[in-house]
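Beneath this line is the structure, given in structure tokens, with notes to follow.
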Amino acid sequence: MTTSQNLADRRSYRRKALRKQQGLCGLIDAAQVAAHIQLCIDAGWTRLGIAEASQVSDRSIRYILAGQPTVQRDNARRILAVNPEASPFVPPIGTIRRIKALARAGYTIRWTADRAGCSNRHIYEILNGTVEAVDRILAERFADIYRRHEGTPGPSNPARIAARTKDWAGPDGWDSDTIDDPEAAPDWTGFCGTDRGWWTHRLQQIAMCPRCEDAHTAWLQDHKHLSGADRWKAVAAARAVASNRRAAIAEDANELMRTSGLDRATAAIRLGVSKAYIDHAFRDHPQYALDTPLYAQKGAA
């Protein structure tokens, strides 16, 4: 037996003796540990990565995930010390959305791969979902490229057309706080998933999304009992809400940003809409956009 193994055994013996003296059981409920392991995996850790970081065997971690009722206290302590946010890998969803959004904005997939230092083969593996996790450093490169180019149209119209044909959401469909959220969906209008969103799609000539189609179908079903005249009144009211809302939001966001120094994202939170909705509102009503040449000229006049 090696000297290091003897030292480890003595330390383990002393810990066991101390727990016994304190009346502590050497085994604890594994449910919390299993939940933490799953949290780490969801954040991008692999099971082997957790084993290496915690110095707990992969076999033990596998048994805990499979429903083992108890776990040794020392193993639990080491596993719980693994920080989910320190994973060398991250889930691919955010990277996939950024690549697709850049394509929708006019940047070819090869262009994005070249700037990220990623092979053409690997970027398509990411896009096709054949990799379970993306190297954190590579994901951060994609995120940096996206931040620098999301607001500038790219040069490739074929890339734009191909992405639109595949219904890939562009940068205007995502907020920075939702693009990595696996539960989030693209929000083209600020109200996607509602009947107001459906009308906004129609009025602003934005390609219709499935969530708004479903919401409008549900709205029609809910109002099918109305007579012809009452139904037309309800339709007109729904249309009016969507048509007037965007101008009002643009004006209110302008006021908040001008008087309080807020950026678009913070103004959106204050107004209870998404940043994408503010972006759309300013696009359709540029006279209110603080950061457009038109507003600057108006302010200087």
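Residue numbering restarts at 1 in every chain; chains get A, B, ... in the order shown in the structure tokens, and ligands count up from 1 in that same order.
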
Strand (DSSP E or B) per DSSP on the backbone: members of segment 59-296 of chain A, as a list of chain:residue names: A:Thr70, A:Val71, A:Gln72, A:Phe89, A:Val90, A:Val134, A:Asp135

Include N, CA, C and O atoms and write out the residues we just selected as a PDB file, in the first residue's frame.
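The result, written out as selection12.pdb:
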```pdb
ATOM      1  N   THR A  70     -29.422   5.999  -0.611  1.00  0.00           N
ATOM      2  CA  THR A  70     -28.494   6.721   0.272  1.00  0.00           C
ATOM      3  C   THR A  70     -27.139   6.859  -0.408  1.00  0.00           C
ATOM      4  O   THR A  70     -26.833   6.144  -1.369  1.00  0.00           O
ATOM      5  N   VAL A  71     -26.346   7.782   0.113  1.00  0.00           N
ATOM      6  CA  VAL A  71     -25.009   7.997  -0.425  1.00  0.00           C
ATOM      7  C   VAL A  71     -24.078   8.310   0.744  1.00  0.00           C
ATOM      8  O   VAL A  71     -24.501   8.884   1.752  1.00  0.00           O
ATOM      9  N   GLN A  72     -22.827   7.903   0.637  1.00  0.00           N
ATOM     10  CA  GLN A  72     -21.864   8.194   1.691  1.00  0.00           C
ATOM     11  C   GLN A  72     -21.715   9.709   1.855  1.00  0.00           C
ATOM     12  O   GLN A  72     -21.659  10.456   0.881  1.00  0.00           O
ATOM     13  N   PHE A  89     -18.371  22.321 -20.497  1.00  0.00           N
ATOM     14  CA  PHE A  89     -19.279  22.235 -21.642  1.00  0.00           C
ATOM     15  C   PHE A  89     -20.604  22.896 -21.274  1.00  0.00           C
ATOM     16  O   PHE A  89     -20.950  23.013 -20.101  1.00  0.00           O
ATOM     17  N   VAL A  90     -21.345  23.325 -22.292  1.00  0.00           N
ATOM     18  CA  VAL A  90     -22.656  23.942 -22.067  1.00  0.00           C
ATOM     19  C   VAL A  90     -23.667  23.290 -23.001  1.00  0.00           C
ATOM     20  O   VAL A  90     -23.298  22.737 -24.046  1.00  0.00           O
ATOM     21  N   VAL A 134     -21.630  21.591 -26.014  1.00  0.00           N
ATOM     22  CA  VAL A 134     -20.655  22.370 -26.782  1.00  0.00           C
ATOM     23  C   VAL A 134     -19.576  22.859 -25.828  1.00  0.00           C
ATOM     24  O   VAL A 134     -19.874  23.297 -24.707  1.00  0.00           O
ATOM     25  N   ASP A 135     -18.329  22.770 -26.276  1.00  0.00           N
ATOM     26  CA  ASP A 135     -17.226  23.287 -25.478  1.00  0.00           C
ATOM     27  C   ASP A 135     -17.528  24.735 -25.076  1.00  0.00           C
ATOM     28  O   ASP A 135     -17.909  25.556 -25.912  1.00  0.00           O
TER      29      ASP A 135
END
```

Helix (DSSP H, G or I) call set, DSSP backbone run, segment 160-257 of chain A, as a PyMOL selection string: chain A and resi 160-165+171-173+195-204+210-222+228-257

Near-segment 141-147 of chain A list (7 Å; only C-alpha atoms; drop same-chain fewer than 2 positions) as a ChimeraX atom specification: /A:95,98,102,116,137-139,149-150

Determine, for each residue of segment 99-215 of chain A having at least one atom at most 12 Å from an atom of segment 265-273 of chain A, the closest pair of atoms and their separation in Å to one decimal, counting only C-alpha atoms; order by chain and ascending number, as a tab-separated table.
```
residue	atom	partner	partner_atom	distance
A:Trp174	CA	A:Ala265	CA	11.7
A:Asp175	CA	A:Ala265	CA	8.3
A:Ser176	CA	A:Ala265	CA	8.7
A:Asp177	CA	A:Ala265	CA	9.5
A:Thr178	CA	A:Ala265	CA	12.0
A:Asp187	CA	A:Val273	CA	10.4
A:Trp188	CA	A:Val273	CA	11.7
A:Thr189	CA	A:Val273	CA	9.6
A:Gly190	CA	A:Val273	CA	6.0
A:Phe191	CA	A:Val273	CA	7.9
A:Cys192	CA	A:Val273	CA	11.0
```

Deliver the residues from the most recent selection as a file, using N, CA and C atoms, as a PDB file, in the first residue's frame.
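File produced: selection.pdb:
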```
ATOM      1  N   TRP A 174     -35.307  37.032 -30.558  1.00  0.00           N
ATOM      2  CA  TRP A 174     -34.737  36.600 -29.281  1.00  0.00           C
ATOM      3  C   TRP A 174     -34.302  37.777 -28.432  1.00  0.00           C
ATOM      4  N   ASP A 175     -34.481  37.646 -27.137  1.00  0.00           N
ATOM      5  CA  ASP A 175     -33.888  38.565 -26.169  1.00  0.00           C
ATOM      6  C   ASP A 175     -32.646  37.904 -25.596  1.00  0.00           C
ATOM      7  N   SER A 176     -31.726  38.714 -25.115  1.00  0.00           N
ATOM      8  CA  SER A 176     -30.486  38.158 -24.571  1.00  0.00           C
ATOM      9  C   SER A 176     -30.731  37.270 -23.357  1.00  0.00           C
ATOM     10  N   ASP A 177     -31.833  37.509 -22.630  1.00  0.00           N
ATOM     11  CA  ASP A 177     -32.107  36.716 -21.435  1.00  0.00           C
ATOM     12  C   ASP A 177     -32.952  35.484 -21.717  1.00  0.00           C
ATOM     13  N   THR A 178     -33.331  35.253 -22.993  1.00  0.00           N
ATOM     14  CA  THR A 178     -34.126  34.061 -23.309  1.00  0.00           C
ATOM     15  C   THR A 178     -33.464  33.145 -24.328  1.00  0.00           C
ATOM     16  N   ASP A 187     -39.947  35.225 -30.011  1.00  0.00           N
ATOM     17  CA  ASP A 187     -41.020  36.201 -29.838  1.00  0.00           C
ATOM     18  C   ASP A 187     -40.821  37.303 -30.868  1.00  0.00           C
ATOM     19  N   TRP A 188     -41.543  37.175 -31.982  1.00  0.00           N
ATOM     20  CA  TRP A 188     -41.375  38.114 -33.083  1.00  0.00           C
ATOM     21  C   TRP A 188     -42.079  39.436 -32.823  1.00  0.00           C
ATOM     22  N   THR A 189     -43.098  39.409 -32.017  1.00  0.00           N
ATOM     23  CA  THR A 189     -43.972  40.581 -31.900  1.00  0.00           C
ATOM     24  C   THR A 189     -44.001  41.187 -30.507  1.00  0.00           C
ATOM     25  N   GLY A 190     -43.459  40.494 -29.531  1.00  0.00           N
ATOM     26  CA  GLY A 190     -43.619  40.928 -28.143  1.00  0.00           C
ATOM     27  C   GLY A 190     -44.838  40.299 -27.499  1.00  0.00           C
ATOM     28  N   PHE A 191     -45.713  39.702 -28.315  1.00  0.00           N
ATOM     29  CA  PHE A 191     -46.928  39.074 -27.794  1.00  0.00           C
ATOM     30  C   PHE A 191     -47.177  37.720 -28.457  1.00  0.00           C
ATOM     31  N   CYS A 192     -46.110  37.098 -28.973  1.00  0.00           N
ATOM     32  CA  CYS A 192     -46.290  35.811 -29.641  1.00  0.00           C
ATOM     33  C   CYS A 192     -46.886  34.793 -28.671  1.00  0.00           C
TER      34      CYS A 192
END
```

Near-segment 34-41 of chain A list (9 Å; only C-alpha atoms; drop same-chain fewer than 3 positions) as a list in words: Ala30, Ala31, Gly44, Trp45, Thr46, Arg47, Ile50, Ile61, Ile64, Leu65, Ala66, Gly67, Gln68, Ile79, Leu80, Val82, Asn83, Pro84, Glu85, Ala86, Ser87 and Pro91 of chain A

Using the selection just defined, write its residues with N, CA, C and O atoms as a PDB file, in the first residue's frame.
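The resulting file, part13.pdb, is shown below:
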```pdb
ATOM      1  N   ALA A  30     -30.011  10.280  -0.668  1.00  0.00           N
ATOM      2  CA  ALA A  30     -29.352  10.570  -1.942  1.00  0.00           C
ATOM      3  C   ALA A  30     -30.169  11.497  -2.839  1.00  0.00           C
ATOM      4  O   ALA A  30     -29.663  11.929  -3.880  1.00  0.00           O
ATOM      5  N   ALA A  31     -31.412  11.826  -2.468  1.00  0.00           N
ATOM      6  CA  ALA A  31     -32.277  12.604  -3.365  1.00  0.00           C
ATOM      7  C   ALA A  31     -31.673  13.960  -3.712  1.00  0.00           C
ATOM      8  O   ALA A  31     -31.658  14.372  -4.876  1.00  0.00           O
ATOM      9  N   GLY A  44     -24.456  21.332 -18.566  1.00  0.00           N
ATOM     10  CA  GLY A  44     -23.449  20.983 -19.547  1.00  0.00           C
ATOM     11  C   GLY A  44     -22.392  20.006 -19.081  1.00  0.00           C
ATOM     12  O   GLY A  44     -21.569  19.547 -19.870  1.00  0.00           O
ATOM     13  N   TRP A  45     -22.373  19.686 -17.779  1.00  0.00           N
ATOM     14  CA  TRP A  45     -21.414  18.702 -17.287  1.00  0.00           C
ATOM     15  C   TRP A  45     -21.740  17.328 -17.859  1.00  0.00           C
ATOM     16  O   TRP A  45     -22.908  16.968 -18.009  1.00  0.00           O
ATOM     17  N   THR A  46     -20.713  16.530 -18.131  1.00  0.00           N
ATOM     18  CA  THR A  46     -20.914  15.111 -18.417  1.00  0.00           C
ATOM     19  C   THR A  46     -20.780  14.344 -17.107  1.00  0.00           C
ATOM     20  O   THR A  46     -20.211  14.853 -16.137  1.00  0.00           O
ATOM     21  N   ARG A  47     -21.291  13.124 -17.085  1.00  0.00           N
ATOM     22  CA  ARG A  47     -21.185  12.319 -15.871  1.00  0.00           C
ATOM     23  C   ARG A  47     -19.729  12.052 -15.521  1.00  0.00           C
ATOM     24  O   ARG A  47     -19.330  12.119 -14.359  1.00  0.00           O
ATOM     25  N   ILE A  50     -18.194  15.143 -13.984  1.00  0.00           N
ATOM     26  CA  ILE A  50     -18.561  15.284 -12.566  1.00  0.00           C
ATOM     27  C   ILE A  50     -17.713  14.340 -11.716  1.00  0.00           C
ATOM     28  O   ILE A  50     -17.239  14.700 -10.633  1.00  0.00           O
ATOM     29  N   ILE A  61     -21.805   7.613  -9.163  1.00  0.00           N
ATOM     30  CA  ILE A  61     -22.693   8.664  -9.677  1.00  0.00           C
ATOM     31  C   ILE A  61     -23.825   8.052 -10.481  1.00  0.00           C
ATOM     32  O   ILE A  61     -24.984   8.462 -10.378  1.00  0.00           O
ATOM     33  N   ILE A  64     -26.383   6.635  -8.079  1.00  0.00           N
ATOM     34  CA  ILE A  64     -27.171   7.702  -7.437  1.00  0.00           C
ATOM     35  C   ILE A  64     -28.262   8.186  -8.386  1.00  0.00           C
ATOM     36  O   ILE A  64     -29.423   8.349  -8.000  1.00  0.00           O
ATOM     37  N   LEU A  65     -27.896   8.395  -9.649  1.00  0.00           N
ATOM     38  CA  LEU A  65     -28.879   8.849 -10.641  1.00  0.00           C
ATOM     39  C   LEU A  65     -29.959   7.806 -10.884  1.00  0.00           C
ATOM     40  O   LEU A  65     -31.099   8.145 -11.212  1.00  0.00           O
ATOM     41  N   ALA A  66     -29.594   6.532 -10.711  1.00  0.00           N
ATOM     42  CA  ALA A  66     -30.552   5.441 -10.962  1.00  0.00           C
ATOM     43  C   ALA A  66     -31.533   5.248  -9.812  1.00  0.00           C
ATOM     44  O   ALA A  66     -32.438   4.417  -9.899  1.00  0.00           O
ATOM     45  N   GLY A  67     -31.354   6.022  -8.719  1.00  0.00           N
ATOM     46  CA  GLY A  67     -32.305   5.932  -7.621  1.00  0.00           C
ATOM     47  C   GLY A  67     -31.794   5.295  -6.361  1.00  0.00           C
ATOM     48  O   GLY A  67     -32.578   4.939  -5.466  1.00  0.00           O
ATOM     49  N   GLN A  68     -30.482   5.141  -6.254  1.00  0.00           N
ATOM     50  CA  GLN A  68     -29.908   4.622  -5.005  1.00  0.00           C
ATOM     51  C   GLN A  68     -30.405   5.471  -3.830  1.00  0.00           C
ATOM     52  O   GLN A  68     -30.334   6.698  -3.884  1.00  0.00           O
ATOM     53  N   ILE A  79     -19.564  15.771  -4.251  1.00  0.00           N
ATOM     54  CA  ILE A  79     -20.426  15.991  -5.422  1.00  0.00           C
ATOM     55  C   ILE A  79     -21.130  17.338  -5.340  1.00  0.00           C
ATOM     56  O   ILE A  79     -21.204  18.096  -6.314  1.00  0.00           O
ATOM     57  N   LEU A  80     -21.638  17.668  -4.143  1.00  0.00           N
ATOM     58  CA  LEU A  80     -22.352  18.934  -3.976  1.00  0.00           C
ATOM     59  C   LEU A  80     -21.430  20.141  -4.126  1.00  0.00           C
ATOM     60  O   LEU A  80     -21.901  21.269  -4.358  1.00  0.00           O
ATOM     61  N   VAL A  82     -19.369  20.488  -6.563  1.00  0.00           N
ATOM     62  CA  VAL A  82     -19.185  20.752  -7.998  1.00  0.00           C
ATOM     63  C   VAL A  82     -20.141  21.874  -8.413  1.00  0.00           C
ATOM     64  O   VAL A  82     -21.357  21.786  -8.214  1.00  0.00           O
ATOM     65  N   ASN A  83     -19.598  22.916  -8.984  1.00  0.00           N
ATOM     66  CA  ASN A  83     -20.384  24.086  -9.379  1.00  0.00           C
ATOM     67  C   ASN A  83     -20.992  23.867 -10.769  1.00  0.00           C
ATOM     68  O   ASN A  83     -20.251  23.719 -11.740  1.00  0.00           O
ATOM     69  N   PRO A  84     -22.325  23.847 -10.879  1.00  0.00           N
ATOM     70  CA  PRO A  84     -22.936  23.639 -12.206  1.00  0.00           C
ATOM     71  C   PRO A  84     -22.458  24.642 -13.243  1.00  0.00           C
ATOM     72  O   PRO A  84     -22.285  24.313 -14.414  1.00  0.00           O
ATOM     73  N   GLU A  85     -22.234  25.887 -12.823  1.00  0.00           N
ATOM     74  CA  GLU A  85     -21.863  26.942 -13.764  1.00  0.00           C
ATOM     75  C   GLU A  85     -20.403  26.876 -14.197  1.00  0.00           C
ATOM     76  O   GLU A  85     -19.983  27.651 -15.060  1.00  0.00           O
ATOM     77  N   ALA A  86     -19.645  25.976 -13.601  1.00  0.00           N
ATOM     78  CA  ALA A  86     -18.229  25.850 -13.955  1.00  0.00           C
ATOM     79  C   ALA A  86     -17.983  24.731 -14.956  1.00  0.00           C
ATOM     80  O   ALA A  86     -16.846  24.321 -15.176  1.00  0.00           O
ATOM     81  N   SER A  87     -19.033  24.260 -15.582  1.00  0.00           N
ATOM     82  CA  SER A  87     -18.897  23.157 -16.526  1.00  0.00           C
ATOM     83  C   SER A  87     -18.016  23.535 -17.715  1.00  0.00           C
ATOM     84  O   SER A  87     -18.128  24.646 -18.242  1.00  0.00           O
ATOM     85  N   PRO A  91     -24.964  23.345 -22.653  1.00  0.00           N
ATOM     86  CA  PRO A  91     -25.987  22.822 -23.558  1.00  0.00           C
ATOM     87  C   PRO A  91     -25.922  23.544 -24.904  1.00  0.00           C
ATOM     88  O   PRO A  91     -25.609  24.743 -24.960  1.00  0.00           O
TER      89      PRO A  91
END
```

Ile161 of chain A surroundings by only C-alpha atoms, 9 Å radius, close-in-sequence under 4 positions cut, as JSON, numbers by chain: {"A": [103, 104, 106, 156, 157, 165, 166]}

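Restricting the calculation to only C-alpha atoms, the smallest distance between Ala43 of chain A and any of A:Val241, A:Ile93, A:Cys212, A:Ala163 is found for A:Ile93.
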
Residue neighbourhood segment 196-209 of chain A, 12 Å, only C-alpha atoms, exclusion window fewer than 2 positions, as an NGL selection string: :A and (164-170 or 172-173 or 185-194 or 211-220 or 235-247 or 277 or 280-281 or 283-285)

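If you look at atom CA of Gly94 of chain A and atom CA of Asp181 of chain A, they are 7.4 Å away from each other.
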
12 Å contact set for Asp114 of chain A, only C-alpha atoms, chain neighbours under 4 positions out, as a ChimeraX atom specification: /A:107-110,118-123,138,141-142,145

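Put simply, atom CA of Arg264 of chain A is 15.3 Å away from atom CA of Gln287 of chain A.
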